[in-house]
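**Q** Please read through the structure below; I'll follow up with questions.
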Amino acid sequence: MLKERIDYLCKKKNIARKDLVEGLVTQAHFANILAERYPLPEDLAEQIAERLGVTAVYLERTAADDLATLQRAEQIFERLSMQASSIPEQEVNDLPDRDDTLTIELTTALMKATYFQQLNDHHAYDYVHQSYLNFYLDKFGRPDDILLPIPLLKALGFYKIQHFRSKHQYYDVLHQVERWIALLQTGSETWLTAQHIRMEAYVHTKQFEEAKKTFEQITKQVYEQRWFHRLSGLYIIYSGYCFSMKFVQESLTALSMAEAHLVYAEHQSDMLSAIMNNRIIMLTMTEQLEQAEAEIVRFEEIVDNQPEETKQNMLPVLLIYRCELALATKDWALVIDYIEQLNVLSLHHDQQMAVTFYESQIALSQGQSERFIEKALMCLPYFESIHQSTRLSILYEALAVVSEDQRRYKEATHYYRKLVYLLRTS
């Protein structure tokens, strides 16, 4: 680990390793020190540290794995592996970015990045990577069999899982979660989180029998441990499983069960938002539009009683629900009105892509072929990256038809092939 820290500091200071040890020790001897064949002498540590602008202890303690170090790293991992919305951002920001031991320092950076990712704080997430994490991920992040202290391995595993979840790469999620679970204490809260993620991944990869088994395993553990605060989240995931199996009524019943158990939940507002979001989407997708409208109105009433900041944050979400309903009934005037409202708001990337999709459909309805193609190609890569089959089937078919009408037969064939492949694999 000393080699990686020295290399990182050299990169930050823009100094070559040979220049770092010039006049102090031979490069060959220093290479043996970094390979841990020889210890790092105190006097050499002091001289190198001075050149790098750090303390000698920062170099000498780099690879420390004493009990206090491992316990502190474990505490950071356990705390930040909780639901991100339950952790005050100030608490996360207050965690020191630098520590004499690389185990604590890197664990902190990994868990901070994962926290910011879950909050969709792209600026903070990118800063952690560009200023620090990218270097160490290049060294430690790629091989799965790397030997690191257990708390750091846990943090790295959680980071990888959340990274692949954000990209909807659920086969990779499954691979990582299996390795992660092996590091966790069976029956612990973090182990239960891992099981939730495993079930989610099974649903997304259409391994429904495995998803069902995992649900039964989690349910048994929840009741044995009397962790009733986990029930709402469990039923939300089970609802997604049922919906994937096309058990629509059972999926809606599971959401009702999730809502009924909110009394035990630790973060009721977040859970309620997830329940209502999923219910609105399910009702809209299954063309139960009156019920979807009623749920949107109910959600709007709940949001209206929240602080002003929360209301502003939720406004784009509610408008997108409205867009979906208007799109389902082809009420283009309403879609245009909602888009105009959305375009003056600050939107996340996924929300902006939704707006671009709506704009493509408006252009298509108005016979504006070139504008449709422009907007469709702007959002298509995003929906392909998250494997959003509903959006993709609409875009592929429309792009194929419009290309055919314009006698661009090569492009039309390309999109028809994509559509056929999508329908076969969905």
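Ligands are numbered from 1 in the order shown, residues from 1 within each chain, and chains are lettered A, B, ... in the order they appear in the structure tokens.
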Would you kindly return, as a list of chain:residue names, each protein, DNA or RNA residue with an atom no farther than 7 Å from any atom of region 72-74 of chain A, considering only C-alpha atoms and excluding same-chain residues fewer than 6 positions away?
**A**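 Returned residues: A:Thr103, A:Ile104, A:Thr107, A:Pro151.
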**Q** Which residues are near Lys13 (chain A)? Cut-off 12 Å, only C-alpha atoms, ignore same chain within fewer than 4 positions. Put them as an mmCIF file with N, CA and C atoms, in the first residue's frame.
**A**
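Written out: part_19.cif:
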```cif
data_model
loop_
_atom_site.group_PDB
_atom_site.id
_atom_site.type_symbol
_atom_site.label_atom_id
_atom_site.label_comp_id
_atom_site.auth_asym_id
_atom_site.auth_seq_id
_atom_site.Cartn_x
_atom_site.Cartn_y
_atom_site.Cartn_z
ATOM 1 N N ILE A 6 2.764 6.465 -2.269
ATOM 2 C CA ILE A 6 3.893 7.235 -2.795
ATOM 3 C C ILE A 6 3.609 7.668 -4.236
ATOM 4 N N ASP A 7 3.114 6.740 -5.048
ATOM 5 C CA ASP A 7 2.817 7.059 -6.448
ATOM 6 C C ASP A 7 1.743 8.143 -6.549
ATOM 7 N N TYR A 8 0.726 8.058 -5.676
ATOM 8 C CA TYR A 8 -0.334 9.070 -5.673
ATOM 9 C C TYR A 8 0.239 10.443 -5.322
ATOM 10 N N LEU A 9 1.057 10.491 -4.271
ATOM 11 C CA LEU A 9 1.631 11.761 -3.848
ATOM 12 C C LEU A 9 2.583 12.328 -4.896
ATOM 13 N N ARG A 17 9.476 9.505 -9.452
ATOM 14 C CA ARG A 17 9.986 8.762 -8.298
ATOM 15 C C ARG A 17 11.502 8.835 -8.203
ATOM 16 N N ASP A 19 13.352 11.317 -9.041
ATOM 17 C CA ASP A 19 13.689 12.631 -8.487
ATOM 18 C C ASP A 19 13.354 12.697 -6.999
ATOM 19 N N LEU A 20 12.339 11.949 -6.601
ATOM 20 C CA LEU A 20 11.933 11.942 -5.192
ATOM 21 C C LEU A 20 13.047 11.427 -4.294
ATOM 22 N N ALA A 49 9.091 12.475 3.087
ATOM 23 C CA ALA A 49 7.866 13.173 3.471
ATOM 24 C C ALA A 49 8.006 14.676 3.265
ATOM 25 N N GLU A 50 9.178 15.202 3.586
ATOM 26 C CA GLU A 50 9.408 16.643 3.404
ATOM 27 C C GLU A 50 9.287 17.027 1.935
ATOM 28 N N ARG A 51 9.819 16.193 1.068
ATOM 29 C CA ARG A 51 9.743 16.469 -0.368
ATOM 30 C C ARG A 51 8.319 16.351 -0.910
ATOM 31 N N LEU A 52 7.531 15.526 -0.265
ATOM 32 C CA LEU A 52 6.147 15.315 -0.719
ATOM 33 C C LEU A 52 5.148 16.229 -0.010
ATOM 34 N N GLY A 53 5.614 16.941 0.997
ATOM 35 C CA GLY A 53 4.727 17.865 1.704
ATOM 36 C C GLY A 53 3.774 17.176 2.659
ATOM 37 N N VAL A 54 4.196 16.049 3.230
ATOM 38 C CA VAL A 54 3.364 15.330 4.206
ATOM 39 C C VAL A 54 4.233 15.038 5.435
#
```
**Q** Within 9 Å of region 216-220 of chain A, counting only C-alpha atoms, which residues show up once you throw out same-chain ones fewer than 3 positions away? Write them as a ChimeraX atom specification, please.
**A** /A:192,195-196,211-213,223-225,231,234
**Q** Which residues, written as a PyMOL selection string, have at least one atom at most 12 Å from Val355 (chain A), with only C-alpha atoms counted and residues fewer than 5 positions away on the same chain left out?
**A** chain A and resi 316-317+319-324+327+335-345+347-350+360-362+375-376+378-379
**Q** Suppose we keep N, CA, C and O atoms; can you now write the selection as a short mmCIF file (atom, residue, chain, number, x, y, z; two decimals), in the first residue's frame?
**A**
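Once everything was written out, this is out_25.cif:
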```cif
data_model
loop_
_atom_site.label_atom_id
_atom_site.label_comp_id
_atom_site.auth_asym_id
_atom_site.auth_seq_id
_atom_site.Cartn_x
_atom_site.Cartn_y
_atom_site.Cartn_z
N PRO A 316 -40.58 18.62 -10.49
CA PRO A 316 -40.32 17.94 -11.76
C PRO A 316 -40.86 16.51 -11.79
O PRO A 316 -41.36 16.05 -12.82
N VAL A 317 -40.77 15.82 -10.65
CA VAL A 317 -41.27 14.44 -10.57
C VAL A 317 -42.77 14.40 -10.85
O VAL A 317 -43.25 13.59 -11.65
N LEU A 319 -44.61 16.63 -12.36
CA LEU A 319 -44.91 17.03 -13.74
C LEU A 319 -44.64 15.90 -14.73
O LEU A 319 -45.37 15.73 -15.71
N ILE A 320 -43.61 15.11 -14.45
CA ILE A 320 -43.32 13.97 -15.33
C ILE A 320 -44.41 12.91 -15.22
O ILE A 320 -44.81 12.30 -16.22
N TYR A 321 -44.94 12.69 -14.01
CA TYR A 321 -46.11 11.80 -13.88
C TYR A 321 -47.25 12.31 -14.76
O TYR A 321 -47.92 11.54 -15.44
N ARG A 322 -47.48 13.61 -14.70
CA ARG A 322 -48.55 14.22 -15.49
C ARG A 322 -48.29 14.05 -16.99
O ARG A 322 -49.21 13.79 -17.77
N CYS A 323 -47.02 14.19 -17.39
CA CYS A 323 -46.66 13.99 -18.80
C CYS A 323 -46.98 12.58 -19.25
O CYS A 323 -47.49 12.36 -20.35
N GLU A 324 -46.66 11.61 -18.38
CA GLU A 324 -46.91 10.22 -18.73
C GLU A 324 -48.40 9.95 -18.95
O GLU A 324 -48.79 9.24 -19.88
N LEU A 327 -49.43 11.63 -22.17
CA LEU A 327 -48.90 10.87 -23.30
C LEU A 327 -49.73 9.62 -23.54
O LEU A 327 -49.99 9.24 -24.69
N VAL A 335 -49.33 17.70 -22.83
CA VAL A 335 -47.91 17.33 -22.81
C VAL A 335 -47.05 18.57 -23.05
O VAL A 335 -46.06 18.81 -22.35
N ILE A 336 -47.43 19.37 -24.05
CA ILE A 336 -46.68 20.59 -24.36
C ILE A 336 -46.68 21.54 -23.17
O ILE A 336 -45.65 22.14 -22.82
N ASP A 337 -47.83 21.68 -22.53
CA ASP A 337 -47.93 22.58 -21.36
C ASP A 337 -47.00 22.11 -20.24
O ASP A 337 -46.27 22.92 -19.64
N TYR A 338 -46.99 20.81 -19.96
CA TYR A 338 -46.14 20.28 -18.89
C TYR A 338 -44.65 20.43 -19.24
O TYR A 338 -43.83 20.73 -18.37
N ILE A 339 -44.32 20.22 -20.51
CA ILE A 339 -42.92 20.37 -20.94
C ILE A 339 -42.45 21.80 -20.76
O ILE A 339 -41.32 22.06 -20.32
N GLU A 340 -43.31 22.75 -21.09
CA GLU A 340 -42.95 24.16 -20.91
C GLU A 340 -42.66 24.46 -19.43
O GLU A 340 -41.74 25.22 -19.11
N GLN A 341 -43.43 23.85 -18.55
CA GLN A 341 -43.18 24.04 -17.12
C GLN A 341 -41.88 23.36 -16.69
O GLN A 341 -41.12 23.91 -15.88
N LEU A 342 -41.63 22.19 -17.25
CA LEU A 342 -40.41 21.46 -16.89
C LEU A 342 -39.15 22.17 -17.37
O LEU A 342 -38.11 22.17 -16.70
N ASN A 343 -39.23 22.79 -18.54
CA ASN A 343 -38.05 23.40 -19.14
C ASN A 343 -37.53 24.63 -18.40
O ASN A 343 -36.42 25.10 -18.69
N VAL A 344 -38.30 25.16 -17.47
CA VAL A 344 -37.82 26.30 -16.68
C VAL A 344 -37.32 25.85 -15.31
O VAL A 344 -36.91 26.68 -14.50
N LEU A 345 -37.33 24.53 -15.07
CA LEU A 345 -36.88 24.00 -13.78
C LEU A 345 -35.48 23.42 -13.91
O LEU A 345 -34.99 23.14 -15.00
N LEU A 347 -33.36 20.34 -13.72
CA LEU A 347 -33.68 18.92 -13.86
C LEU A 347 -32.42 18.06 -13.73
O LEU A 347 -31.33 18.45 -14.15
N HIS A 348 -32.60 16.86 -13.15
CA HIS A 348 -31.55 15.85 -13.18
C HIS A 348 -31.44 15.32 -14.61
O HIS A 348 -32.33 15.51 -15.44
N HIS A 349 -30.33 14.62 -14.88
CA HIS A 349 -30.10 14.12 -16.23
C HIS A 349 -31.22 13.19 -16.69
O HIS A 349 -31.69 13.28 -17.84
N ASP A 350 -31.68 12.29 -15.80
CA ASP A 350 -32.74 11.36 -16.21
C ASP A 350 -34.04 12.10 -16.50
O ASP A 350 -34.79 11.73 -17.42
N SER A 360 -39.70 14.41 -28.54
CA SER A 360 -39.63 13.60 -29.76
C SER A 360 -41.01 13.10 -30.16
O SER A 360 -41.35 13.08 -31.35
N GLN A 361 -41.82 12.73 -29.18
CA GLN A 361 -43.16 12.22 -29.47
C GLN A 361 -44.09 13.33 -29.95
O GLN A 361 -44.95 13.10 -30.81
N ILE A 362 -43.92 14.53 -29.42
CA ILE A 362 -44.71 15.68 -29.92
C ILE A 362 -44.36 15.95 -31.38
O ILE A 362 -45.24 16.13 -32.22
N LYS A 375 -34.45 14.71 -31.74
CA LYS A 375 -34.75 14.51 -30.31
C LYS A 375 -34.61 13.03 -29.93
O LYS A 375 -34.11 12.71 -28.83
N ALA A 376 -35.04 12.15 -30.81
CA ALA A 376 -34.96 10.71 -30.52
C ALA A 376 -33.50 10.28 -30.36
O ALA A 376 -33.16 9.53 -29.44
N MET A 378 -31.06 12.11 -29.47
CA MET A 378 -30.48 12.73 -28.28
C MET A 378 -30.71 11.88 -27.03
O MET A 378 -29.84 11.80 -26.15
N CYS A 379 -31.89 11.26 -26.92
CA CYS A 379 -32.21 10.50 -25.71
C CYS A 379 -31.99 9.00 -25.86
O CYS A 379 -31.94 8.28 -24.86
#
```
**Q** Skipping near chain neighbours, those fewer than 6 positions away, what residues fall within 10 Å of region 161-168 of chain A using only C-alpha atoms, listed as a PyMOL selection string?
**A** chain A and resi 113-115+117-118+155+174-177+180+194+197+200-201+204+385-388
**Q** So, with only C-alpha atoms as the atoms that count, which of A:Tyr170, A:Tyr409, A:Phe158, A:Phe383 lies closest to Trp191 (chain A)?
**A**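 So, comparing all the options, the nearest one is A:Phe158.
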**Q** Considering only C-alpha atoms, state which residue in the set A:Lys206, A:Lys112, A:Arg179, A:Lys311 is at the smallest distance from Tyr159 (chain A).
**A**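 For Tyr159 (chain A), the nearest of the candidates is A:Lys112.
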**Q** Using DSSP assignments from the backbone, pull out every residue in region 123-217 of chain A that falls under alpha helix (DSSP H) and give it to me as a PyMOL selection string.
**A** chain A and resi 123-128+134-140+150-166+170-181+189-204+208-217
**Q** What is the distance between CA of Gln288 (chain A) and CA of Val248 (chain A), in Å to one decimal?
**A**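 Computing it gives 10.9 Å between the two atoms.
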**Q** Pick out the residues sitting within 8 Å of region 126-137 of chain A, and hand them over as a PDB file with N, CA, C and O atoms, in the first residue's frame; count only C-alpha atoms, and ignore anything fewer than 4 positions along from it in its own chain.
**A**
```pdb
ATOM      1  N   GLU A   4       1.506   2.492  -3.551  1.00  0.00           N
ATOM      2  CA  GLU A   4       0.387   3.217  -4.151  1.00  0.00           C
ATOM      3  C   GLU A   4       0.289   4.637  -3.585  1.00  0.00           C
ATOM      4  O   GLU A   4       0.024   5.594  -4.323  1.00  0.00           O
ATOM      5  N   TYR A   8       0.726   8.058  -5.676  1.00  0.00           N
ATOM      6  CA  TYR A   8      -0.334   9.070  -5.673  1.00  0.00           C
ATOM      7  C   TYR A   8       0.239  10.443  -5.322  1.00  0.00           C
ATOM      8  O   TYR A   8      -0.059  11.449  -5.981  1.00  0.00           O
ATOM      9  N   LEU A 106      -8.968   5.456   2.343  1.00  0.00           N
ATOM     10  CA  LEU A 106      -9.611   4.956   1.129  1.00  0.00           C
ATOM     11  C   LEU A 106     -11.032   4.473   1.408  1.00  0.00           C
ATOM     12  O   LEU A 106     -11.933   4.655   0.583  1.00  0.00           O
ATOM     13  N   ALA A 109     -13.163   7.570   1.396  1.00  0.00           N
ATOM     14  CA  ALA A 109     -13.402   8.091   0.043  1.00  0.00           C
ATOM     15  C   ALA A 109     -14.414   7.236  -0.719  1.00  0.00           C
ATOM     16  O   ALA A 109     -15.315   7.760  -1.398  1.00  0.00           O
ATOM     17  N   LEU A 110     -14.296   5.919  -0.614  1.00  0.00           N
ATOM     18  CA  LEU A 110     -15.231   5.018  -1.301  1.00  0.00           C
ATOM     19  C   LEU A 110     -16.653   5.201  -0.794  1.00  0.00           C
ATOM     20  O   LEU A 110     -17.612   5.271  -1.578  1.00  0.00           O
ATOM     21  N   LYS A 112     -17.894   7.832   0.829  1.00  0.00           N
ATOM     22  CA  LYS A 112     -18.385   9.167   0.470  1.00  0.00           C
ATOM     23  C   LYS A 112     -18.899   9.179  -0.971  1.00  0.00           C
ATOM     24  O   LYS A 112     -19.968   9.723  -1.258  1.00  0.00           O
ATOM     25  N   ALA A 113     -18.132   8.597  -1.871  1.00  0.00           N
ATOM     26  CA  ALA A 113     -18.542   8.554  -3.278  1.00  0.00           C
ATOM     27  C   ALA A 113     -19.870   7.820  -3.433  1.00  0.00           C
ATOM     28  O   ALA A 113     -20.765   8.271  -4.161  1.00  0.00           O
ATOM     29  N   HIS A 122     -23.952  14.861  -8.283  1.00  0.00           N
ATOM     30  CA  HIS A 122     -22.918  14.553  -9.273  1.00  0.00           C
ATOM     31  C   HIS A 122     -21.659  15.396  -9.075  1.00  0.00           C
ATOM     32  O   HIS A 122     -20.555  14.922  -9.339  1.00  0.00           O
ATOM     33  N   GLY A 141      -9.202  -1.236  -7.837  1.00  0.00           N
ATOM     34  CA  GLY A 141     -10.617  -1.434  -8.141  1.00  0.00           C
ATOM     35  C   GLY A 141     -10.942  -2.497  -9.151  1.00  0.00           C
ATOM     36  O   GLY A 141     -12.074  -2.958  -9.220  1.00  0.00           O
ATOM     37  N   ARG A 142      -9.985  -2.921  -9.935  1.00  0.00           N
ATOM     38  CA  ARG A 142     -10.314  -3.819 -11.047  1.00  0.00           C
ATOM     39  C   ARG A 142     -10.276  -5.307 -10.688  1.00  0.00           C
ATOM     40  O   ARG A 142     -11.237  -6.008 -10.931  1.00  0.00           O
TER      41      ARG A 142
END
```
**Q** If we count only C-alpha atoms, what is near Arg37 (chain A) at a cut-off of 12 Å, once residues fewer than 5 positions away on the same chain are taken out, given as a PyMOL selection string?
**A** chain A and resi 2-3+28-32
**Q** Quick one: pull the distance between CA of Met111 (chain A) and CA of Tyr238 (chain A), Å, one decimal.
**A** 27.3 Å
**Q** Find, counting only C-alpha atoms, the residue in A:Glu78, A:Glu309, A:Glu42, A:Asp66 that gets nearest to Gln185 (chain A).
**A**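 Closest to Gln185 (chain A), using only C-alpha atoms: A:Glu78.
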**Q** State, in Å with one decimal place, the distance from CA of Val92 (chain A) to CA of Ala56 (chain A).
**A**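 Interatomic distance here is 27.2 Å.
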**Q** From the list A:Thr253, A:Thr108, A:Gln47, A:Asn305, which residue is nearest Tyr235 (chain A) when using only C-alpha atoms?
**A**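 Looking at the shortest contact to Tyr235 (chain A), the residue is A:Thr253.
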